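So this block is target38.cif, mmCIF, C-alpha atoms:
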```cif
data_structure
loop_
_atom_site.label_atom_id
_atom_site.label_comp_id
_atom_site.auth_asym_id
_atom_site.auth_seq_id
_atom_site.Cartn_x
_atom_site.Cartn_y
_atom_site.Cartn_z
CA MET A 1 0.00 0.00 0.00
CA ARG A 2 1.31 3.41 -0.75
CA SER A 3 0.13 6.92 -0.09
CA GLU A 4 1.30 10.14 -1.65
CA ALA A 5 1.46 13.59 -0.14
CA PRO A 6 0.03 16.34 -2.37
CA PRO A 7 2.84 18.22 -4.12
CA PRO A 8 3.55 21.79 -2.98
CA ALA A 9 3.55 24.73 -5.35
CA ARG A 10 6.10 24.49 -8.14
CA VAL A 11 9.09 26.80 -7.82
CA ARG A 12 11.13 28.04 -10.78
CA GLY A 13 10.63 24.94 -12.82
CA VAL A 14 12.05 22.69 -10.15
CA ARG A 15 10.80 19.12 -10.00
CA TRP A 16 8.50 18.07 -7.21
CA ARG A 17 8.20 14.37 -6.54
CA PRO A 18 5.90 12.62 -4.08
CA TRP A 19 7.65 10.33 -1.64
CA ARG A 20 6.46 7.02 -0.28
CA ARG A 21 6.22 6.26 3.37
CA CYS A 22 5.43 3.44 5.76
CA GLY A 23 4.86 3.25 9.50
CA GLY A 24 8.57 3.48 10.43
CA TRP A 25 11.31 6.09 10.37
CA CYS A 26 12.87 5.14 7.06
CA GLY A 27 9.90 5.86 4.81
CA ALA A 28 10.28 2.49 3.15
CA VAL A 29 7.60 0.75 1.13
CA PRO A 30 6.40 -2.20 3.27
CA PRO A 31 7.35 -5.59 1.83
CA PRO A 32 4.56 -7.19 -0.22
CA PRO A 33 2.57 -10.15 1.18
CA PRO A 34 3.24 -13.65 -0.15
CA ALA A 35 0.09 -13.82 -2.34
CA TRP A 36 1.09 -12.32 -5.69
CA GLY A 37 -1.58 -13.87 -7.83
CA GLY A 38 -4.62 -11.78 -6.90
CA GLY A 39 -7.38 -11.52 -4.31
CA ALA A 40 -7.41 -8.99 -1.48
CA ALA A 41 -3.63 -8.66 -1.46
CA ALA A 42 -3.50 -7.79 -5.14
CA SER A 43 -6.19 -5.15 -4.83
CA ARG A 44 -4.07 -2.84 -2.70
CA GLY A 45 -2.09 -1.26 -5.54
CA SER A 46 -0.27 -1.83 -8.79
CA ARG A 47 3.10 -2.41 -7.09
CA VAL A 48 1.67 -5.32 -5.12
CA ARG A 49 0.01 -6.85 -8.17
CA GLU A 50 3.21 -6.71 -10.16
CA GLY A 51 5.20 -8.59 -7.52
CA PRO A 52 8.94 -8.31 -6.86
CA ARG A 53 9.87 -8.02 -10.52
CA GLY A 54 7.63 -4.98 -10.88
CA GLN A 55 9.37 -3.02 -8.15
CA SER A 56 12.08 -0.50 -8.83
CA ALA A 57 15.55 -1.04 -7.39
CA ARG A 58 14.90 1.70 -4.85
CA GLU A 59 11.62 0.13 -3.68
CA LYS A 60 13.26 -3.27 -3.35
CA ARG A 61 16.02 -1.72 -1.29
CA ARG A 62 13.55 0.05 0.98
CA ALA A 63 11.46 -3.10 1.27
CA ARG A 64 14.53 -5.05 2.42
CA LEU A 65 15.30 -2.31 4.91
CA CYS A 66 11.73 -2.41 6.21
CA VAL A 67 12.02 -6.16 6.76
CA GLY A 68 15.45 -5.76 8.32
CA VAL A 69 14.34 -3.41 11.08
CA GLY A 70 11.42 -4.72 13.11
CA ARG A 71 10.41 -1.32 14.47
CA CYS A 72 10.21 0.07 10.94
CA ALA A 73 7.73 -2.49 9.72
CA GLY A 74 5.53 -1.72 12.72
CA PRO A 75 1.95 -2.98 12.89
CA ARG A 76 1.30 -2.89 9.15
CA ARG A 77 0.61 -6.06 7.21
CA GLY A 78 3.79 -7.38 5.67
CA GLY A 79 5.95 -6.17 8.55
CA ALA A 80 7.99 -8.50 10.70
CA SER A 81 9.42 -8.41 14.18
CA LEU A 82 13.04 -9.33 14.77
CA SER A 83 12.07 -12.58 16.48
CA SER A 84 9.90 -13.75 13.57
CA LEU A 85 12.51 -13.34 10.85
CA PRO A 86 14.43 -16.28 9.36
CA ARG A 87 17.61 -17.29 11.18
CA ARG A 88 19.66 -16.70 8.02
CA LEU A 89 19.02 -12.96 8.40
CA GLY A 90 20.67 -12.87 11.82
CA PRO A 91 24.09 -11.54 10.70
CA ARG A 92 22.44 -8.82 8.60
CA LEU A 93 20.17 -7.72 11.45
CA ALA A 94 23.12 -7.49 13.79
CA ARG A 95 24.55 -4.86 11.47
CA VAL A 96 21.24 -3.07 10.99
CA CYS A 97 20.25 -2.59 14.62
CA ARG A 98 21.86 0.78 15.29
CA LEU A 99 25.46 -0.38 15.28
CA LYS A 100 27.38 2.72 16.30
CA SER A 101 30.80 3.63 14.96
CA SER A 102 33.52 4.44 17.46
CA VAL A 103 34.62 7.99 18.19
CA SER A 104 37.87 8.92 16.50
CA PHE A 105 39.98 12.05 16.10
CA LEU A 106 41.49 13.49 12.95
CA THR A 107 44.92 14.74 13.98
CA ARG A 108 46.11 17.88 12.21
CA SER A 109 49.54 19.41 12.76
CA ASP A 110 48.48 22.99 12.05
CA ARG A 111 44.89 22.98 13.39
CA PRO A 112 42.89 21.53 16.32
CA ASN A 113 41.94 17.86 16.15
CA LEU A 114 38.45 16.99 14.91
CA ALA A 115 36.18 14.41 16.54
CA TYR A 116 34.26 12.17 14.16
CA HIS A 117 32.30 8.95 13.75
CA LYS A 118 32.90 6.93 10.60
CA LEU A 119 31.18 3.94 9.07
CA LYS A 120 33.08 2.12 6.37
CA GLY A 121 31.11 1.13 3.30
CA ARG A 122 30.62 1.57 -0.38
CA ASN A 123 30.27 4.81 -2.31
CA PRO A 124 28.74 7.24 -2.66
CA GLY A 125 29.51 8.01 0.95
CA ILE A 126 27.45 10.43 3.04
CA ILE A 127 28.90 13.24 5.18
CA PHE A 128 26.70 15.17 7.63
CA LEU A 129 27.56 18.81 8.38
CA PRO A 130 25.86 20.10 11.56
CA GLY A 131 24.54 23.59 12.18
CA PHE A 132 25.88 26.55 14.15
CA ASN A 133 26.93 25.72 17.72
CA SER A 134 25.67 22.17 17.17
CA ASN A 135 27.37 18.79 17.15
CA MET A 136 27.36 15.45 15.37
CA ASN A 137 24.92 13.73 17.76
CA GLY A 138 21.72 15.32 16.51
CA GLN A 139 18.64 13.43 15.36
CA LYS A 140 19.25 13.93 11.64
CA ALA A 141 22.85 12.74 11.85
CA ILE A 142 21.93 9.59 13.78
CA ALA A 143 19.03 8.76 11.44
CA LEU A 144 21.30 9.07 8.41
CA GLU A 145 23.98 6.95 10.08
CA ASP A 146 21.46 4.19 10.81
CA PHE A 147 20.20 4.36 7.24
CA CYS A 148 23.69 4.17 5.69
CA ASN A 149 24.66 1.36 8.04
CA SER A 150 21.65 -0.68 6.95
CA LEU A 151 22.55 -0.27 3.28
CA GLY A 152 26.30 -0.69 3.68
CA HIS A 153 27.20 2.83 2.53
CA ALA A 154 30.02 4.86 4.04
CA PHE A 155 29.01 7.62 6.44
CA ILE A 156 30.80 10.33 8.44
CA ARG A 157 29.53 12.77 11.03
CA PHE A 158 31.89 15.13 12.83
CA ASP A 159 32.23 18.17 15.09
CA TYR A 160 33.65 21.48 13.91
CA THR A 161 36.58 23.06 15.70
CA GLY A 162 35.45 24.33 19.11
CA CYS A 163 32.20 22.32 19.00
CA GLY A 164 31.19 19.03 20.59
CA ASN A 165 34.19 16.77 21.24
CA SER A 166 36.58 18.52 18.87
CA ASN A 167 39.50 20.56 20.12
CA GLY A 168 39.68 24.32 19.88
CA ASN A 169 38.08 27.44 21.32
CA PHE A 170 34.62 28.26 19.97
CA GLU A 171 35.11 32.01 20.53
CA GLU A 172 38.12 31.97 18.20
CA CYS A 173 36.37 30.14 15.37
CA THR A 174 35.36 31.64 12.02
CA ILE A 175 33.47 30.53 8.93
CA GLY A 176 36.83 30.16 7.19
CA LYS A 177 38.17 27.82 9.88
CA TRP A 178 35.04 25.65 9.77
CA ARG A 179 35.28 25.58 5.98
CA LYS A 180 38.79 24.15 6.36
CA ASP A 181 37.40 21.56 8.80
CA VAL A 182 35.00 20.27 6.13
CA LEU A 183 37.79 20.12 3.55
CA SER A 184 40.02 18.24 6.02
CA ILE A 185 37.31 15.61 6.48
CA LEU A 186 36.88 15.29 2.72
CA ASP A 187 40.61 15.10 1.98
CA GLU A 188 41.76 12.88 4.84
CA LEU A 189 38.86 10.53 5.55
CA THR A 190 37.11 9.84 2.24
CA ASP A 191 37.74 8.21 -1.10
CA GLY A 192 35.46 8.47 -4.10
CA PRO A 193 32.22 10.44 -4.55
CA GLN A 194 30.45 11.87 -1.52
CA ILE A 195 26.99 13.29 -0.81
CA LEU A 196 27.14 16.23 1.59
CA VAL A 197 24.14 16.81 3.86
CA GLY A 198 24.34 20.26 5.44
CA SER A 199 22.02 21.55 8.14
CA SER A 200 21.62 25.34 8.56
CA LEU A 201 25.18 26.70 8.77
CA GLY A 202 26.34 23.31 7.50
CA GLY A 203 24.35 24.02 4.33
CA TRP A 204 26.43 27.16 3.80
CA LEU A 205 29.67 25.24 4.36
CA MET A 206 28.63 22.41 2.02
CA LEU A 207 28.36 24.94 -0.83
CA HIS A 208 31.96 26.00 -0.21
CA ALA A 209 33.11 22.37 -0.06
CA ALA A 210 31.39 21.60 -3.37
CA MET A 211 33.12 24.55 -5.02
CA ALA A 212 36.51 23.64 -3.57
CA ARG A 213 36.30 19.86 -4.23
CA PRO A 214 34.08 19.37 -7.30
CA ASP A 215 35.79 16.06 -8.07
CA LYS A 216 34.73 14.58 -4.72
CA VAL A 217 31.33 16.13 -4.04
CA ALA A 218 28.78 14.22 -6.11
CA ALA A 219 25.57 15.75 -4.70
CA LEU A 220 24.28 18.13 -2.03
CA VAL A 221 21.33 18.00 0.36
CA GLY A 222 20.63 21.21 2.26
CA VAL A 223 18.34 21.36 5.29
CA ALA A 224 17.30 24.95 6.12
CA VAL A 225 20.40 26.25 4.35
CA ALA A 226 21.69 29.40 6.08
CA ALA A 227 23.90 30.73 3.29
CA ASP A 228 25.11 34.28 4.12
CA HIS A 229 22.40 34.51 6.79
CA LEU A 230 24.52 35.89 9.65
CA VAL A 231 26.06 38.56 7.44
CA THR A 232 22.73 39.49 5.86
CA THR A 233 21.06 39.80 9.27
CA PHE A 234 23.87 42.00 10.59
CA ASN A 235 23.81 44.28 7.55
CA ARG A 236 20.07 44.84 8.03
CA LEU A 237 20.60 46.28 11.50
CA PRO A 238 20.42 50.07 11.88
CA ILE A 239 23.74 51.83 11.32
CA GLU A 240 23.76 52.97 14.95
CA THR A 241 23.38 49.37 16.17
CA GLN A 242 26.15 48.17 13.88
CA LYS A 243 28.42 50.91 15.21
CA GLU A 244 27.61 49.94 18.79
CA ILE A 245 28.44 46.29 18.06
CA GLU A 246 31.71 47.35 16.47
CA ASP A 247 32.65 49.40 19.54
CA LYS A 248 31.75 46.59 21.96
CA GLY A 249 33.40 43.98 19.78
CA GLU A 250 30.54 41.50 20.11
CA TRP A 251 27.01 40.89 18.88
CA LYS A 252 24.30 39.10 20.85
CA PHE A 253 22.53 37.30 18.01
CA PRO A 254 18.93 36.45 19.08
CA THR A 255 17.98 32.77 19.01
CA LYS A 256 15.50 30.37 20.63
CA HIS A 257 18.06 27.57 20.69
CA SER A 258 20.13 28.94 23.57
CA GLU A 259 19.21 29.18 27.26
CA GLU A 260 20.40 32.79 27.26
CA GLY A 261 18.20 33.62 24.28
CA TYR A 262 21.14 34.65 22.13
CA TYR A 263 24.47 33.56 20.67
CA THR A 264 27.46 35.79 21.33
CA LEU A 265 29.38 36.50 18.12
CA THR A 266 32.46 38.66 17.89
CA TYR A 267 32.53 41.58 15.50
CA ASP A 268 35.57 40.01 13.84
CA PHE A 269 33.53 36.83 13.22
CA ILE A 270 30.98 38.82 11.21
CA ARG A 271 33.60 40.68 9.21
CA GLU A 272 35.46 37.47 8.40
CA ALA A 273 32.21 35.78 7.35
CA GLU A 274 31.72 38.47 4.70
CA ASN A 275 34.60 36.88 2.79
CA HIS A 276 32.57 33.70 2.38
CA CYS A 277 29.23 35.02 1.13
CA VAL A 278 27.97 33.12 -1.91
CA LEU A 279 24.64 34.67 -2.91
CA ASN A 280 26.02 37.79 -4.59
CA SER A 281 27.07 35.96 -7.74
CA PRO A 282 26.51 32.67 -9.58
CA ILE A 283 27.61 29.63 -7.56
CA PRO A 284 29.80 27.30 -9.68
CA ILE A 285 28.20 24.03 -8.58
CA THR A 286 26.97 21.62 -11.23
CA CYS A 287 26.15 18.48 -9.21
CA PRO A 288 22.59 17.52 -8.15
CA VAL A 289 21.26 19.75 -5.36
CA ARG A 290 18.30 19.08 -3.06
CA LEU A 291 17.11 21.83 -0.70
CA ILE A 292 14.58 21.16 2.09
CA HIS A 293 13.19 24.06 4.11
CA GLY A 294 10.35 24.65 6.54
CA MET A 295 8.01 27.53 5.73
CA LYS A 296 7.56 28.23 9.45
CA ASP A 297 11.29 28.58 10.01
CA GLU A 298 11.68 31.55 12.34
CA ASP A 299 15.49 31.45 12.30
CA VAL A 300 16.45 31.20 8.62
CA PRO A 301 13.93 32.39 6.00
CA TRP A 302 12.94 29.69 3.51
CA GLN A 303 13.50 32.20 0.71
CA ILE A 304 17.25 31.63 1.17
CA SER A 305 16.85 28.12 -0.25
CA LEU A 306 15.19 29.64 -3.32
CA GLN A 307 18.08 32.07 -3.68
CA VAL A 308 20.56 29.20 -3.54
CA ALA A 309 18.53 27.30 -6.16
CA ASN A 310 18.66 30.34 -8.43
CA ARG A 311 22.38 30.95 -7.94
CA VAL A 312 23.81 27.44 -8.45
CA LEU A 313 24.67 26.60 -12.03
CA SER A 314 23.35 23.05 -11.75
CA ARG A 315 20.14 22.35 -13.64
CA ASP A 316 19.36 19.36 -11.42
CA VAL A 317 17.92 21.25 -8.43
CA ASP A 318 14.91 20.34 -6.32
CA VAL A 319 13.45 22.65 -3.68
CA ILE A 320 11.11 21.05 -1.15
CA LEU A 321 9.12 23.36 1.12
CA ARG A 322 7.52 21.87 4.23
CA LYS A 323 4.47 24.01 4.94
CA GLY A 324 4.47 23.32 8.68
CA GLY A 325 8.20 22.77 9.05
CA ARG A 326 10.29 24.74 11.51
CA HIS A 327 14.01 25.43 11.48
CA ARG A 328 15.30 22.14 12.81
CA LEU A 329 12.89 19.99 10.77
CA SER A 330 12.98 17.43 13.55
CA GLU A 331 9.51 15.93 13.20
CA LYS A 332 9.23 12.27 12.23
CA GLU A 333 7.90 13.09 8.76
CA ASP A 334 10.78 15.52 8.23
CA THR A 335 13.32 12.82 9.06
CA LYS A 336 11.61 10.41 6.66
CA LEU A 337 11.79 13.00 3.91
CA LEU A 338 15.49 13.64 4.52
CA VAL A 339 16.35 9.93 4.47
CA ASN A 340 14.30 9.34 1.32
CA THR A 341 15.93 12.31 -0.39
CA VAL A 342 19.39 10.90 0.31
CA ASP A 343 18.21 7.46 -0.82
CA ASP A 344 16.97 8.90 -4.11
CA LEU A 345 20.35 10.54 -4.73
CA ILE A 346 22.19 7.29 -3.96
CA ASP A 347 19.96 5.55 -6.49
CA LYS A 348 20.51 8.31 -9.04
CA LEU A 349 24.29 8.31 -8.68
CA SER A 350 24.49 4.51 -8.70
CA THR A 351 22.42 4.36 -11.90
CA ALA A 352 24.57 7.04 -13.55
CA THR A 353 27.73 5.01 -12.97
#
```
Would you give me this structure, written as structure tokens?
Amino acid sequence: MRSEAPPPARVRGVRWRPWRRCGGWCGAVPPPPPAWGGGAAASRGSRVREGPRGQSAREKRRARLCVGVGRCAGPRRGGASLSSLPRRLGPRLARVCRLKSSVSFLTRSDRPNLAYHKLKGRNPGIIFLPGFNSNMNGQKAIALEDFCNSLGHAFIRFDYTGCGNSNGNFEECTIGKWRKDVLSILDELTDGPQILVGSSLGGWLMLHAAMARPDKVAALVGVAVAADHLVTTFNRLPIETQKEIEDKGEWKFPTKHSEEGYYTLTYDFIREAENHCVLNSPIPITCPVRLIHGMKDEDVPWQISLQVANRVLSRDVDVILRKGGRHRLSEKEDTKLLVNTVDDLIDKLSTAT
């Protein structure tokens, strides 16, 4: 059985595609029942009537994943609990059930060491770039790691300098230093094509990584991309306020994601960030780009994703607007959409090769 969400309004000729979902986190199509010939089972949809040979490679992959994780299959018909599955699937399930990679550190002679988790696997690999003042242990990063682990694809999540478990002083960090962190991860820890998934500030940094390493970055997925956002917000302040911030040397940037109600940014941080703005000219990125944004995002306007879509040179760009989505896009349906978007890109890149 499959259900389709109504497509949102079309934006600048970008493609909108419905996505399938089941009762679990992965959004997989539930595996078909044994009766392929007809009857009640066959009446539930054309995919079921066609049987396994009628399914696309992506649907077969998601069906296997749905069988592999008992909680994903849930109460729907065709699902299976871990205890009811054949014994021959035991080794596979041991890998699927949230096997966590160990924490490691990337040692750099000229910069602070970076903490990261890495899963070995086949390409394209996936790299998750967290947001501002965030770390690699967020919900989106863990969901993507579980998904890649179940499919056997390589995956990396990491902390920027001064964040999470990485070394360094957060107050001394800049956009330029975090950009170098992303490039260090790409250069030192990966081989072959990679899909970058950037959340908020990470979406800004992924654009820089794609421009700097076009041979390694095969596709981009942005979640509430915050390209140029800090600089744009500062420049919209009254001249008197900007002057006051310059004199004090710091800016208390309002946010709901801090107990204090603001992030403290140095004036030098803002001025340095101006060197990394990307929306003032065409962005030389030609790989596939997928941009997901919530229309109720009170931190980063969803119009920024449209600006990015207009600026990148790639013609393969999808913009997905979640009408009720907020900045973190942390609802269950949002996570399903993110995982399915990455899955579609894996399928696309695998078919192209």
Between atom CA of Glu272 of chain A and atom CA of Thr233 of chain A, distance in Å (one decimal): 14.6 Å
What does the PyMOL selection byres ((chain A and resi 312-318) around 8) select in this file, as a VMD selection string? chain A and resid 14 to 16 282 to 291 308 to 311 319 to 320
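At a cut-off of 10 Å from (35.4, 31.8, 4.9), the residue set is Thr174, Ile175, Gly176, Lys177, Trp178, Arg179, Lys180, Leu205, His208, Phe269, Glu272, Ala273, Glu274, Asn275, His276 and Cys277 of chain A (counting all atoms listed in the file).
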If you keep C-alpha atoms, can you produce a file of those selected residues as a compact mmCIF listing (two decimals), in the frame of the given file?
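again-v2.txt, written as the output of this step:
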```txt
# COMPACT_ATOMS: atom_id res chain seq x y z
CA THR A 174 35.36 31.64 12.02
CA ILE A 175 33.47 30.53 8.93
CA GLY A 176 36.83 30.16 7.19
CA LYS A 177 38.17 27.82 9.88
CA TRP A 178 35.04 25.65 9.77
CA ARG A 179 35.28 25.58 5.98
CA LYS A 180 38.79 24.15 6.36
CA LEU A 205 29.67 25.24 4.36
CA HIS A 208 31.96 26.00 -0.21
CA PHE A 269 33.53 36.83 13.22
CA GLU A 272 35.46 37.47 8.40
CA ALA A 273 32.21 35.78 7.35
CA GLU A 274 31.72 38.47 4.70
CA ASN A 275 34.60 36.88 2.79
CA HIS A 276 32.57 33.70 2.38
CA CYS A 277 29.23 35.02 1.13
```
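Checking A:Leu230, A:Leu237, A:Ala219, A:Val225 one by one against Ser350 of chain A, counting all atoms listed in the file, you find the shortest gap at A:Ala219.
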Would you list the contacts of Ala224 of chain A as an MDAnalysis selection string, taking every protein, DNA or RNA residue within 12 Å and counting only C-alpha atoms, but skipping same-chain residues closer than 5 positions in sequence? chainID A and resid 130:132 197:204 229 290:306 308 319:322 325:330 334 338
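Evaluated against this file, the PyMOL selection byres ((chain A and resi 192) around 9) yields Asn123, Pro124, Gly125, Thr190, Asp191, Pro193, Gln194, Asp215, Lys216 and Val217 of chain A.
Here atom CA of Arg236 of chain A is placed at a distance of 17.0 Å from atom CA of Thr266 of chain A.
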Atomic separation - atom CA of Asn113 of chain A relative to atom CA of Asn167 of chain A, Å: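 Atom-to-atom, atom CA of Asn167 of chain A to atom CA of Asn113 of chain A, that is 5.4 Å.
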With 8 Å as the threshold, what does the neighbourhood of (31.8, 0.0, 3.3) contain in terms of residues, counting all atoms listed in the file? Coordinates are those of the file; answer as a VMD selection string. chain A and resid 119 to 123 152 to 154
For each of A:Ile239, A:Ile270, A:Leu114, A:Val223, take the minimum atom-to-atom distance to Gly168 of chain A, counting all atoms listed in the file, then give the residue where this is smallest.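 Under the stated criterion, the closest residue is A:Leu114.
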Find, counting only C-alpha atoms, the residue in A:Asp347, A:Ala227, A:Ala209, A:Ile126 that gets nearest to Asn149 of chain A. A:Ile126
Let me know the residues the PyMOL selection byres ((chain A and resi 135) around 12) catches in the file above, as a PyMOL selection string. chain A and resi 114-117+128-134+136-142+157-166+199+201-202
